[in-house]
Amino acid sequence: MAEITASAVKELRERTGLGMMECKKALVESTGDIELAIENLRKSGSMKAAKKAGRTAAEGLVMTKIADNGSYGVMVEVNSETDFAAREVNFIAYVTKVLDKVFASKSTDLAALMAAGLEEDRLALIQKIGENISVRRAVLVGGDGSTVGSYVHSNHKIAVLVALNGGDQDLARDVAMHVAATSPMVVKPEDVPADVLSKESEIYTAQAAESGKPADIVEKMVSGRLRKYIEEVSLTEQAFVKDPDIKVGKLVKQAGGTITAFVRFSVGEGIEKEVVDFAAEVAAQLKKD
């Protein structure tokens, strides 16, 4: 068996744009012959997949899966370039497969899960639908005696997992639905980060100072605004969407529970989407022609 050198792997990566492990695998199969490795990669379609890898994938789906007894739940986000592809049956099947792997393994180590077969399936899917596909993130909630519930919006663009200490899955699902609608920052007031409060205080102080009121009044104005802000971003202090007369924390407490954690995924959040000026693109193409 030919020795696969680091320099050969580096050269193949530079020439194909593929990942290190895939390049090493291709070189092993070609007994170190770089040209043969490239030929085999072209035949398998991996080269085309690599070219698509640089394209922004900010659409896609989020999915959840909960243990029958509610002891734990998982959630994944898989991205595509367009919403059209996200509704394609093969894409949905792949997201489901990723979800099932995370659920069965109780692992959110995506690198390890991809290496165990999901990456080959991803590349095959890229070839099939012609878009870049990215398995972006996965989370596990529960497994510590909590009761976990989930809510997935009908278009699978927003999903939430909620863990309760006490209460039942129906209650956890109601809270998850609330989180989907309001997107709180933290579970309870004391969880709001100090740096966030400091920044908000600076903003409110500057705004209040413009009123020209005495310093003691400005201080009270800032204090009041901070209290209101903390209530707005804390899940337990928010008015429950299904019954605004009761706060979420009180609702859960009346059922004998407390909220221990929540995670909310929204498809593509935080991904910088490429803005394409199609008119300019067409004009540029016409100039080339």
# chains A, B, ... in the order shown; residues from 1 in each chain; ligands from 1
>>> select_by_dssp(residues="region 101-220 of chain A", states="strand (DSSP E or B)", output="list of chain:residue names")
A:Ser134, A:Val135, A:Arg136, A:Arg137, A:Ala138, A:Val139, A:Leu140, A:Val141, A:Gly142, A:Thr147, A:Val148, A:Gly149, A:Ser150, A:Tyr151, A:Val152, A:Ile158, A:Ala159, A:Val160, A:Leu161, A:Val162, A:Ala163, A:Leu164, A:Asn165, A:Val186
>>> residues_around(residues="region 62-75 of chain A", least_positions_apart="2", cutoff="9 Å", atoms="only C-alpha atoms", output="PyMOL selection string")
chain A and resi 60+77-79+95-96+99-100+102-103+106+108+137-152+156-163+168-169+263+265-267
>>> write_last_selection(atoms="N, CA and C atoms", output="CSV table (one decimal), in the first residue's frame")
chain,number,residue,atom,x,y,z
A,60,GLY,N,-33.9,26.0,4.5
A,60,GLY,CA,-33.8,24.6,5.0
A,60,GLY,C,-35.0,24.3,6.0
A,77,GLU,N,-31.0,21.4,12.7
A,77,GLU,CA,-31.2,22.3,11.5
A,77,GLU,C,-30.3,21.9,10.4
A,78,VAL,N,-30.9,21.7,9.2
A,78,VAL,CA,-30.2,21.4,8.0
A,78,VAL,C,-30.6,22.4,7.0
A,79,ASN,N,-29.6,23.0,6.3
A,79,ASN,CA,-29.8,24.1,5.4
A,79,ASN,C,-29.6,23.7,3.9
A,95,VAL,N,-33.0,15.2,6.2
A,95,VAL,CA,-33.1,15.9,7.5
A,95,VAL,C,-33.6,14.9,8.6
A,96,THR,N,-34.6,14.1,8.2
A,96,THR,CA,-35.1,13.1,9.1
A,96,THR,C,-34.1,12.1,9.5
A,99,LEU,N,-31.8,13.7,12.0
A,99,LEU,CA,-32.5,13.7,13.3
A,99,LEU,C,-32.5,12.4,14.0
A,100,ASP,N,-32.8,11.3,13.3
A,100,ASP,CA,-32.8,10.0,13.8
A,100,ASP,C,-31.4,9.6,14.4
A,102,VAL,N,-29.0,11.6,15.5
A,102,VAL,CA,-28.7,12.4,16.7
A,102,VAL,C,-29.5,11.8,17.8
A,103,PHE,N,-30.8,11.5,17.6
A,103,PHE,CA,-31.7,10.9,18.6
A,103,PHE,C,-31.2,9.6,19.1
A,106,LYS,N,-27.8,10.0,20.9
A,106,LYS,CA,-27.8,11.1,22.0
A,106,LYS,C,-26.5,11.9,21.9
A,108,THR,N,-24.5,15.1,19.9
A,108,THR,CA,-24.6,16.3,19.0
A,108,THR,C,-23.2,16.6,18.3
A,137,ARG,N,-26.5,22.4,12.8
A,137,ARG,CA,-26.4,22.3,14.2
A,137,ARG,C,-27.4,21.3,14.8
A,138,ALA,N,-27.1,20.8,16.0
A,138,ALA,CA,-28.0,19.9,16.7
A,138,ALA,C,-27.9,20.1,18.2
A,139,VAL,N,-29.0,19.9,18.9
A,139,VAL,CA,-28.9,20.1,20.3
A,139,VAL,C,-29.7,18.9,21.0
A,140,LEU,N,-29.3,18.6,22.2
A,140,LEU,CA,-30.0,17.6,23.0
A,140,LEU,C,-30.4,18.3,24.3
A,141,VAL,N,-31.7,18.1,24.7
A,141,VAL,CA,-32.2,18.7,25.9
A,141,VAL,C,-32.8,17.6,26.8
A,142,GLY,N,-32.6,17.6,28.1
A,142,GLY,CA,-33.1,16.6,29.0
A,142,GLY,C,-32.1,15.5,29.3
A,143,GLY,N,-32.6,14.3,29.6
A,143,GLY,CA,-31.7,13.3,30.0
A,143,GLY,C,-31.2,13.4,31.4
A,144,ASP,N,-31.8,14.3,32.2
A,144,ASP,CA,-31.4,14.6,33.5
A,144,ASP,C,-32.6,14.5,34.5
A,145,GLY,N,-33.6,13.8,34.1
A,145,GLY,CA,-34.8,13.7,34.9
A,145,GLY,C,-35.9,14.8,34.6
A,146,SER,N,-35.6,15.6,33.6
A,146,SER,CA,-36.5,16.6,33.1
A,146,SER,C,-37.6,16.0,32.3
A,147,THR,N,-38.7,16.7,32.1
A,147,THR,CA,-39.8,16.4,31.2
A,147,THR,C,-39.6,17.4,30.0
A,148,VAL,N,-39.5,16.8,28.8
A,148,VAL,CA,-39.2,17.6,27.6
A,148,VAL,C,-40.4,17.6,26.7
A,149,GLY,N,-40.7,18.8,26.2
A,149,GLY,CA,-41.7,18.9,25.2
A,149,GLY,C,-41.2,19.8,24.0
A,150,SER,N,-41.9,19.7,22.9
A,150,SER,CA,-41.4,20.4,21.7
A,150,SER,C,-42.6,21.1,21.0
A,151,TYR,N,-42.2,22.1,20.2
A,151,TYR,CA,-43.2,22.7,19.3
A,151,TYR,C,-42.4,23.0,18.0
A,152,VAL,N,-43.0,22.6,16.8
A,152,VAL,CA,-42.5,22.9,15.5
A,152,VAL,C,-43.5,23.7,14.7
A,156,HIS,N,-41.9,24.3,9.5
A,156,HIS,CA,-40.6,23.8,9.9
A,156,HIS,C,-39.5,24.8,9.8
A,157,LYS,N,-39.8,26.1,10.0
A,157,LYS,CA,-38.8,27.1,10.0
A,157,LYS,C,-38.4,27.5,11.4
A,158,ILE,N,-39.3,27.2,12.4
A,158,ILE,CA,-39.0,27.5,13.8
A,158,ILE,C,-39.4,26.3,14.6
A,159,ALA,N,-38.5,25.9,15.5
A,159,ALA,CA,-38.7,24.8,16.4
A,159,ALA,C,-38.1,25.1,17.8
A,160,VAL,N,-38.8,24.5,18.8
A,160,VAL,CA,-38.4,24.8,20.2
A,160,VAL,C,-38.4,23.5,21.0
A,161,LEU,N,-37.4,23.3,21.9
A,161,LEU,CA,-37.4,22.3,22.9
A,161,LEU,C,-37.5,23.0,24.3
A,162,VAL,N,-38.3,22.5,25.2
A,162,VAL,CA,-38.4,23.0,26.5
A,162,VAL,C,-38.3,21.9,27.5
A,163,ALA,N,-37.5,22.1,28.6
A,163,ALA,CA,-37.4,21.1,29.7
A,163,ALA,C,-38.0,21.7,31.0
A,168,ASP,N,-45.9,18.2,32.8
A,168,ASP,CA,-45.9,17.1,31.8
A,168,ASP,C,-45.6,17.6,30.4
A,169,GLN,N,-45.6,16.7,29.5
A,169,GLN,CA,-45.2,17.0,28.1
A,169,GLN,C,-46.2,18.0,27.5
A,263,VAL,N,-34.5,25.8,24.2
A,263,VAL,CA,-33.7,26.1,23.0
A,263,VAL,C,-34.6,26.3,21.8
A,265,PHE,N,-34.7,27.2,17.7
A,265,PHE,CA,-34.0,27.3,16.4
A,265,PHE,C,-34.9,28.0,15.4
A,266,SER,N,-34.3,28.9,14.7
A,266,SER,CA,-35.0,29.5,13.5
A,266,SER,C,-34.1,29.4,12.3
A,267,VAL,N,-34.7,28.8,11.3
A,267,VAL,CA,-33.9,28.5,10.1
A,267,VAL,C,-33.1,29.7,9.6
>>> select_by_dssp(residues="region 65-129 of chain A", states="helix (DSSP H, G or I)", output="PyMOL selection string")
chain A and resi 83-86+89-105+110-129
>>> residues_around(residues="Glu119 (chain A)", least_positions_apart="5", cutoff="12 Å", atoms="only C-alpha atoms", output="VMD selection string")
chain A and resid 19 21 to 22 46 49 94 97 to 98 110 to 114 124 to 126 133 to 135
>>> write_last_selection(atoms="N, CA and C atoms", output="short mmCIF file (atom, residue, chain, number, x, y, z; two decimals), in the first residue's frame")
data_model
loop_
_atom_site.label_atom_id
_atom_site.label_comp_id
_atom_site.auth_asym_id
_atom_site.auth_seq_id
_atom_site.Cartn_x
_atom_site.Cartn_y
_atom_site.Cartn_z
N GLY A 19 -12.62 18.34 1.45
CA GLY A 19 -12.09 18.25 2.80
C GLY A 19 -10.92 17.28 2.90
N MET A 21 -10.29 14.68 4.94
CA MET A 21 -10.58 13.26 5.05
C MET A 21 -11.03 12.66 3.72
N GLU A 22 -11.82 13.45 2.96
CA GLU A 22 -12.27 12.93 1.67
C GLU A 22 -11.10 12.81 0.70
N SER A 46 -18.22 14.18 -6.53
CA SER A 46 -17.76 14.94 -5.37
C SER A 46 -17.19 16.29 -5.74
N ALA A 49 -19.93 18.71 -6.00
CA ALA A 49 -20.42 19.04 -4.66
C ALA A 49 -19.50 20.07 -4.00
N TYR A 94 -33.54 13.32 4.16
CA TYR A 94 -32.19 13.44 4.70
C TYR A 94 -32.21 14.12 6.07
N LYS A 97 -33.23 11.68 8.54
CA LYS A 97 -32.15 10.72 8.83
C LYS A 97 -31.15 11.32 9.81
N VAL A 98 -30.79 12.58 9.60
CA VAL A 98 -29.88 13.27 10.53
C VAL A 98 -30.50 13.31 11.93
N LEU A 110 -21.56 16.58 15.48
CA LEU A 110 -21.92 16.45 14.07
C LEU A 110 -20.76 15.95 13.21
N ALA A 111 -19.53 16.32 13.56
CA ALA A 111 -18.38 15.86 12.78
C ALA A 111 -18.30 14.33 12.81
N ALA A 112 -18.50 13.75 13.99
CA ALA A 112 -18.44 12.30 14.12
C ALA A 112 -19.61 11.63 13.40
N LEU A 113 -20.80 12.21 13.52
CA LEU A 113 -21.98 11.64 12.87
C LEU A 113 -21.88 11.73 11.35
N MET A 114 -21.33 12.83 10.87
CA MET A 114 -21.16 12.97 9.42
C MET A 114 -20.16 11.94 8.89
N ALA A 124 -24.35 12.95 -1.91
CA ALA A 124 -25.27 12.36 -2.90
C ALA A 124 -26.50 13.26 -3.09
N LEU A 125 -26.97 13.84 -1.99
CA LEU A 125 -28.14 14.73 -2.07
C LEU A 125 -27.81 16.00 -2.84
N ILE A 126 -26.60 16.53 -2.65
CA ILE A 126 -26.17 17.71 -3.39
C ILE A 126 -26.21 17.43 -4.89
N ILE A 133 -25.84 21.80 0.56
CA ILE A 133 -26.58 21.32 1.73
C ILE A 133 -25.64 21.37 2.92
N SER A 134 -26.11 21.91 4.04
CA SER A 134 -25.27 22.03 5.23
C SER A 134 -26.03 21.54 6.46
N VAL A 135 -25.41 20.58 7.17
CA VAL A 135 -25.95 20.15 8.46
C VAL A 135 -25.37 21.12 9.48
#
>>> closest_residue(among="A:Gln254, A:Thr182, A:Ser198, A:Thr31", to="Gly167 (chain A)", atoms="only C-alpha atoms")
A:Gln254
>>> atom_distance(atom1="CA of Lys242 (chain A)", atom2="CA of Ala180 (chain A)")
12.5 Å
>>> residues_around(residues="Tyr204 (chain A)", least_positions_apart="5", cutoff="9 Å", atoms="only C-alpha atoms", output="JSON list (two decimals) with C-alpha atoms, in the first residue's frame")
[["chain", "number", "residue", "atom", "x", "y", "z"],
["A", 199, "LYS", "CA", -25.33, 48.01, 27.53],
["A", 209, "ALA", "CA", -30.48, 62.42, 29.88],
["A", 221, "MET", "CA", -36.41, 56.33, 34.58],
["A", 222, "VAL", "CA", -33.46, 54.10, 33.74],
["A", 223, "SER", "CA", -34.28, 51.68, 36.58],
["A", 225, "ARG", "CA", -36.90, 50.78, 31.81],
["A", 226, "LEU", "CA", -34.42, 48.10, 32.85]]
